[in-house]
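Please read the structure below before turning to the comments.
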Amino acid sequence: MQEKPKAPAGRADSKAKSAGGKAEPAGGKGEIPAAVKSRGAADTVIKLSHPDKLLWPQEKVSKQGLLDHYALVWPRMHQFVVNRPLSLVRAPDGVGGQRFFQKHASAGMHEKIARMKDPADGEEILFIRDFDGVAALVQLGVVEIHIWGCTIDELEKPDQIIFDLDPDEGVDVKAVRAAALEIHGRLDALSLPNFVKTSGGKGYHVVVPLKPSADWDEVKDFAHEFARALEQAAPDRYTATLSKKARTGKIFVDYLRNGRGSTTVAPYSSRAKKGATVSMPATWAEIEAWLAPNAFPIGDKTTLKQLAKADPWVDFFKQGKPLKRG
């Protein structure tokens, strides 16, 4: 059976203690405790309207709480979202209300959410340059930030490959962990550096940094061939086919995220899911130690403890290699 959403171990409506030992209000439900927030606070010119509005009502996570989360993770997150084409999942009335996927500008969008034209087709591309951009996304009710696998300066040259492990209903989380570790081993055998993060849902994302050289077709073809090799080696466990019928009782190795214009949820982004979880970078040792894919809710003690550790993705792009096909 799939693991249930993690029960929060302690949110901001618990009290944060000051250096003097006195209890201080954490700033409202769904917010990061003030003593922790100060370690990663980022200033912004964006003023939230209705900062107490609950985007995750059941978990008591507000717009302010989401902004506090991004302030805390920004030193780690910025390299994955700045100057990169974005797609957005918005839930202006909270995750229990209407949700929609947005790729282009709309009325009321702050200027800190930048725009450019895609030279290939003239379509509008959204991107951000700094923390003000993230704050502007929060103001819009963006509950998930999705990224292209390239920067706006290298639109035709991806700088990463992603394998999104998407299990069918009822597939045990142990099988998904085993799949992530098998992909890790196969990529190691190819001398391709690889990193892992929780999806914030029921799977894991295995990501390979690239030196931008190969084009989208080359990267997607490689990912497809890799996924098909997994399927051929263990057809009872894996499928590289999107159709629901093909996925029954199996793990879909989603290589389709590697096409031009396709997106995946950004590292440290919140998820529009029960539990108000985060897609959190992790170490392979943590996956081996049974780290759950939904282990990190916003503002939870488990999440804050994870962020107090060394950044496991700090040198992600430094480790990138050109994709060479043999």
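Every chain in the structure tokens takes a letter, A first, then B, and so on in the order presented; its residues are numbered from 1, and the ligands are numbered from 1 following the presented order.
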* To do: Give the strand (DSSP E) residues of range 20-166 of chain A, as assigned by DSSP on the backbone, as a ChimeraX atom specification.
  => /A:23-24,54-56,61-62,86-90,100-102,113-117,124-128,142-147,160-166
Determine, using only C-alpha atoms, which residues of range 73-191 of chain A have any atom at most 9 Å from an atom of range 47-57 of chain A, and tabulate each with its shortest atom pair and distance in Å to one decimal place, rows ordered by chain and then rising number, as a Markdown table.
| residue | atom | partner | partner_atom | distance |
| --- | --- | --- | --- | --- |
| A:Ala91 | CA | A:Leu55 | CA | 7.4 |
| A:Pro92 | CA | A:Leu55 | CA | 7.6 |
| A:Asp93 | CA | A:Leu55 | CA | 6.8 |
| A:Gly94 | CA | A:Leu55 | CA | 3.9 |
| A:Val95 | CA | A:Trp56 | CA | 5.8 |
| A:Gly96 | CA | A:Trp56 | CA | 7.5 |
| A:Ala135 | CA | A:Leu48 | CA | 8.1 |
| A:Ala136 | CA | A:Leu48 | CA | 8.3 |
| A:Val138 | CA | A:Leu48 | CA | 8.0 |
| A:Gln139 | CA | A:Leu48 | CA | 5.5 |
| A:Gly141 | CA | A:Leu55 | CA | 7.5 |
| A:Val143 | CA | A:Leu55 | CA | 7.8 |
Give me the residues within 9 Å of range 284-296 of chain A as a short mmCIF file (atom, residue, chain, number, x, y, z; two decimals) with N, CA, C and O atoms, in the first residue's frame, counting only C-alpha atoms and dropping any in the same chain fewer than 3 places off.
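Result saved to around_29.cif:
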data_model
loop_
_atom_site.label_atom_id
_atom_site.label_comp_id
_atom_site.auth_asym_id
_atom_site.auth_seq_id
_atom_site.Cartn_x
_atom_site.Cartn_y
_atom_site.Cartn_z
N GLU A 3 2.13 4.86 1.12
CA GLU A 3 2.14 5.52 2.41
C GLU A 3 1.15 6.67 2.43
O GLU A 3 0.95 7.38 1.45
N LYS A 4 0.51 6.88 3.57
CA LYS A 4 -0.41 7.99 3.75
C LYS A 4 0.37 9.27 3.91
O LYS A 4 1.53 9.26 4.31
N PRO A 5 -0.27 10.43 3.59
CA PRO A 5 0.44 11.70 3.80
C PRO A 5 0.94 11.81 5.23
O PRO A 5 0.27 11.44 6.18
N LYS A 6 2.16 12.32 5.34
CA LYS A 6 2.81 12.40 6.65
C LYS A 6 2.06 13.36 7.57
O LYS A 6 1.69 14.45 7.17
N ALA A 7 1.83 12.93 8.78
CA ALA A 7 1.20 13.80 9.76
C ALA A 7 2.22 14.83 10.22
O ALA A 7 3.35 14.48 10.57
N PRO A 8 1.88 16.12 10.20
CA PRO A 8 2.84 17.14 10.63
C PRO A 8 3.32 16.90 12.05
O PRO A 8 2.53 16.60 12.95
N VAL A 173 5.29 1.65 -1.67
CA VAL A 173 6.34 2.65 -1.71
C VAL A 173 7.73 2.00 -1.69
O VAL A 173 8.70 2.57 -2.22
N LYS A 174 7.84 0.80 -1.12
CA LYS A 174 9.13 0.10 -1.14
C LYS A 174 9.57 -0.18 -2.57
O LYS A 174 10.77 -0.11 -2.89
N ARG A 177 10.94 3.09 -4.02
CA ARG A 177 12.31 3.33 -3.52
C ARG A 177 13.30 2.44 -4.27
O ARG A 177 14.38 2.88 -4.66
N ALA A 178 12.94 1.17 -4.42
CA ALA A 178 13.83 0.24 -5.12
C ALA A 178 14.07 0.69 -6.55
O ALA A 178 15.18 0.57 -7.08
N ALA A 180 13.99 3.84 -7.67
CA ALA A 180 14.90 4.99 -7.63
C ALA A 180 16.34 4.53 -7.47
O ALA A 180 17.25 5.03 -8.15
N LEU A 181 16.55 3.58 -6.58
CA LEU A 181 17.91 3.09 -6.33
C LEU A 181 18.46 2.32 -7.53
O LEU A 181 19.66 2.39 -7.83
N HIS A 184 19.52 4.91 -9.97
CA HIS A 184 20.78 5.47 -9.44
C HIS A 184 21.96 4.59 -9.85
O HIS A 184 22.98 5.08 -10.35
N PHE A 195 21.11 12.90 -8.98
CA PHE A 195 20.60 13.41 -7.71
C PHE A 195 19.15 12.96 -7.54
O PHE A 195 18.49 12.60 -8.52
N VAL A 196 18.68 13.01 -6.31
CA VAL A 196 17.32 12.55 -6.04
C VAL A 196 16.59 13.56 -5.17
O VAL A 196 17.20 14.23 -4.32
N LYS A 197 15.29 13.68 -5.40
CA LYS A 197 14.44 14.47 -4.52
C LYS A 197 13.11 13.77 -4.36
O LYS A 197 12.70 12.95 -5.21
N THR A 198 12.45 14.05 -3.26
CA THR A 198 11.11 13.54 -3.07
C THR A 198 10.18 14.33 -4.00
O THR A 198 10.42 15.49 -4.30
N SER A 199 9.11 13.68 -4.43
CA SER A 199 8.15 14.38 -5.28
C SER A 199 7.20 15.23 -4.47
O SER A 199 6.57 16.15 -4.98
N GLY A 200 7.07 14.91 -3.17
CA GLY A 200 6.04 15.52 -2.36
C GLY A 200 4.72 14.79 -2.49
O GLY A 200 3.74 15.14 -1.82
N GLY A 201 4.70 13.76 -3.33
CA GLY A 201 3.51 12.95 -3.53
C GLY A 201 3.79 11.50 -3.22
O GLY A 201 4.09 11.14 -2.08
N LYS A 202 3.77 10.66 -4.26
CA LYS A 202 3.96 9.22 -4.03
C LYS A 202 5.18 8.65 -4.75
O LYS A 202 5.36 7.43 -4.79
N GLY A 203 6.03 9.52 -5.29
CA GLY A 203 7.19 9.03 -6.02
C GLY A 203 8.45 9.81 -5.70
O GLY A 203 8.51 10.60 -4.75
N TYR A 204 9.46 9.55 -6.51
CA TYR A 204 10.75 10.25 -6.41
C TYR A 204 11.13 10.77 -7.79
O TYR A 204 10.70 10.23 -8.81
N GLY A 275 -1.43 17.47 2.92
CA GLY A 275 -0.20 17.47 3.70
C GLY A 275 0.65 18.70 3.49
O GLY A 275 1.60 18.93 4.23
N ALA A 276 0.34 19.51 2.44
CA ALA A 276 1.13 20.72 2.14
C ALA A 276 2.62 20.38 2.06
O ALA A 276 3.46 21.00 2.70
N THR A 277 2.93 19.39 1.24
CA THR A 277 4.30 18.87 1.17
C THR A 277 5.17 19.66 0.21
O THR A 277 4.69 20.46 -0.58
N VAL A 278 6.47 19.36 0.29
CA VAL A 278 7.50 20.01 -0.52
C VAL A 278 8.24 18.94 -1.32
O VAL A 278 8.44 17.82 -0.85
N SER A 279 8.64 19.30 -2.54
CA SER A 279 9.53 18.43 -3.32
C SER A 279 10.96 18.72 -2.87
O SER A 279 11.55 19.74 -3.25
N MET A 280 11.49 17.85 -2.05
CA MET A 280 12.71 18.14 -1.28
C MET A 280 13.93 17.35 -1.77
O MET A 280 13.91 16.12 -1.80
N GLY A 299 6.81 23.93 6.94
CA GLY A 299 6.84 24.39 8.32
C GLY A 299 6.93 23.29 9.35
O GLY A 299 6.96 23.57 10.55
N ASP A 300 7.01 22.04 8.91
CA ASP A 300 7.05 20.91 9.83
C ASP A 300 8.45 20.76 10.42
O ASP A 300 9.45 21.13 9.81
N LYS A 301 8.52 20.22 11.63
CA LYS A 301 9.83 20.02 12.28
C LYS A 301 10.74 19.14 11.43
O LYS A 301 11.96 19.36 11.37
N THR A 302 10.16 18.15 10.77
CA THR A 302 10.97 17.27 9.92
C THR A 302 11.60 18.06 8.78
O THR A 302 12.77 17.85 8.42
N THR A 303 10.84 18.98 8.21
CA THR A 303 11.33 19.80 7.11
C THR A 303 12.43 20.75 7.59
O THR A 303 13.48 20.89 6.95
N LEU A 304 12.20 21.38 8.73
CA LEU A 304 13.21 22.30 9.26
C LEU A 304 14.49 21.57 9.62
O LEU A 304 15.60 22.08 9.41
N GLN A 306 15.58 18.89 8.09
CA GLN A 306 16.23 18.58 6.82
C GLN A 306 16.99 19.79 6.29
O GLN A 306 18.11 19.67 5.78
#
Go through range 149-263 of chain A residue by residue and, counting only C-alpha atoms, keep those with an atom at most 7 Å from range 309-324 of chain A; for each kept residue give the shortest atom pair and its distance in Å to one decimal, ordered by chain and increasing number, as CSV.
residue,atom,partner,partner_atom,distance
A:Pro193,CA,A:Gln319,CA,6.6
A:Pro209,CA,A:Gly320,CA,4.4
A:Leu210,CA,A:Gly320,CA,4.2
A:Lys211,CA,A:Pro322,CA,4.7
A:Pro212,CA,A:Pro322,CA,6.5
A:Ser213,CA,A:Pro322,CA,5.9
A:Ala214,CA,A:Leu323,CA,6.2
* **Ser262 in chain A surroundings by only C-alpha atoms, 12 Å radius, close-in-sequence under 2 positions cut, as a ChimeraX atom specification** => /A:85-87,103,146-150,158,161-162,216,220,254-260,264-265
* To do: Would you return as JSON, numbers by chain the members of range 116-166 of chain A that DSSP assigns to alpha helix (DSSP H) on this structure's backbone?
  => {"A": [131, 132, 133, 134, 135, 136, 137, 138, 139]}
* Close residues, Ile113 in chain A itself excluded, 9 Å, only C-alpha atoms, min 6 positions apart in chain, as a list in words ->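 So, after excluding close chain neighbours, the residues are Ala105, Leu126, Phe127, Ile128, Arg129, Asp132, Gly133, Val134, Ala136 and Leu137 of chain A.
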Taking all heavy atoms for each residue, export the selection above as a compact mmCIF listing (two decimals), in the first residue's frame.
# COMPACT_ATOMS: atom_id res chain seq x y z
N ALA A 105 1.22 35.10 -19.17
CA ALA A 105 0.85 36.19 -18.27
C ALA A 105 -0.66 36.37 -18.23
O ALA A 105 -1.38 36.01 -19.17
CB ALA A 105 1.53 37.48 -18.71
N LEU A 126 7.19 32.79 -19.21
CA LEU A 126 7.30 33.45 -17.91
C LEU A 126 8.59 33.00 -17.22
O LEU A 126 8.98 31.84 -17.31
CB LEU A 126 6.11 33.09 -17.02
CG LEU A 126 4.72 33.45 -17.53
CD1 LEU A 126 3.66 32.97 -16.54
CD2 LEU A 126 4.59 34.95 -17.77
N PHE A 127 9.24 33.92 -16.50
CA PHE A 127 10.41 33.56 -15.71
C PHE A 127 10.57 34.57 -14.59
O PHE A 127 9.90 35.61 -14.57
CB PHE A 127 11.68 33.48 -16.58
CG PHE A 127 12.15 34.78 -17.14
CD1 PHE A 127 13.17 35.51 -16.53
CD2 PHE A 127 11.58 35.30 -18.31
CE1 PHE A 127 13.61 36.71 -17.06
CE2 PHE A 127 12.02 36.51 -18.84
CZ PHE A 127 13.03 37.23 -18.22
N ILE A 128 11.43 34.27 -13.64
CA ILE A 128 11.71 35.20 -12.55
C ILE A 128 13.22 35.43 -12.47
O ILE A 128 14.01 34.58 -12.91
CB ILE A 128 11.18 34.69 -11.19
CG1 ILE A 128 11.80 33.34 -10.83
CG2 ILE A 128 9.66 34.61 -11.22
CD1 ILE A 128 11.45 32.86 -9.43
N ARG A 129 13.58 36.58 -11.90
CA ARG A 129 14.99 36.95 -11.81
C ARG A 129 15.53 36.89 -10.38
O ARG A 129 16.75 36.89 -10.19
CB ARG A 129 15.20 38.37 -12.35
CG ARG A 129 14.87 38.55 -13.82
CD ARG A 129 15.27 39.95 -14.28
NE ARG A 129 15.08 40.13 -15.71
CZ ARG A 129 13.99 40.66 -16.26
NH1 ARG A 129 13.00 41.07 -15.48
NH2 ARG A 129 13.89 40.81 -17.56
N ASP A 132 11.98 38.44 -5.35
CA ASP A 132 10.74 39.19 -5.58
C ASP A 132 9.82 38.44 -6.54
O ASP A 132 8.59 38.50 -6.41
CB ASP A 132 11.06 40.57 -6.14
CG ASP A 132 11.62 41.52 -5.10
OD1 ASP A 132 11.32 41.34 -3.90
OD2 ASP A 132 12.36 42.45 -5.48
N GLY A 133 10.41 37.76 -7.51
CA GLY A 133 9.60 36.99 -8.46
C GLY A 133 8.85 35.87 -7.77
O GLY A 133 7.67 35.62 -8.04
N VAL A 134 9.53 35.16 -6.87
CA VAL A 134 8.86 34.09 -6.13
C VAL A 134 7.75 34.67 -5.25
O VAL A 134 6.64 34.11 -5.18
CB VAL A 134 9.87 33.31 -5.26
CG1 VAL A 134 9.15 32.40 -4.27
CG2 VAL A 134 10.78 32.47 -6.15
N ALA A 136 6.04 37.30 -5.82
CA ALA A 136 4.94 37.65 -6.71
C ALA A 136 4.11 36.41 -7.08
O ALA A 136 2.89 36.50 -7.24
CB ALA A 136 5.47 38.34 -7.96
N LEU A 137 4.77 35.27 -7.23
CA LEU A 137 4.05 34.03 -7.50
C LEU A 137 3.16 33.65 -6.32
O LEU A 137 2.01 33.24 -6.49
CB LEU A 137 5.04 32.90 -7.81
CG LEU A 137 5.92 33.06 -9.05
CD1 LEU A 137 6.84 31.84 -9.20
CD2 LEU A 137 5.09 33.25 -10.31
* Grab the CA of Gly261 in chain A to CA of Tyr70 in chain A distance for me, in Å with one decimal place. =>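 Interatomic distance, CA of Gly261 in chain A to CA of Tyr70 in chain A: 24.6 Å.
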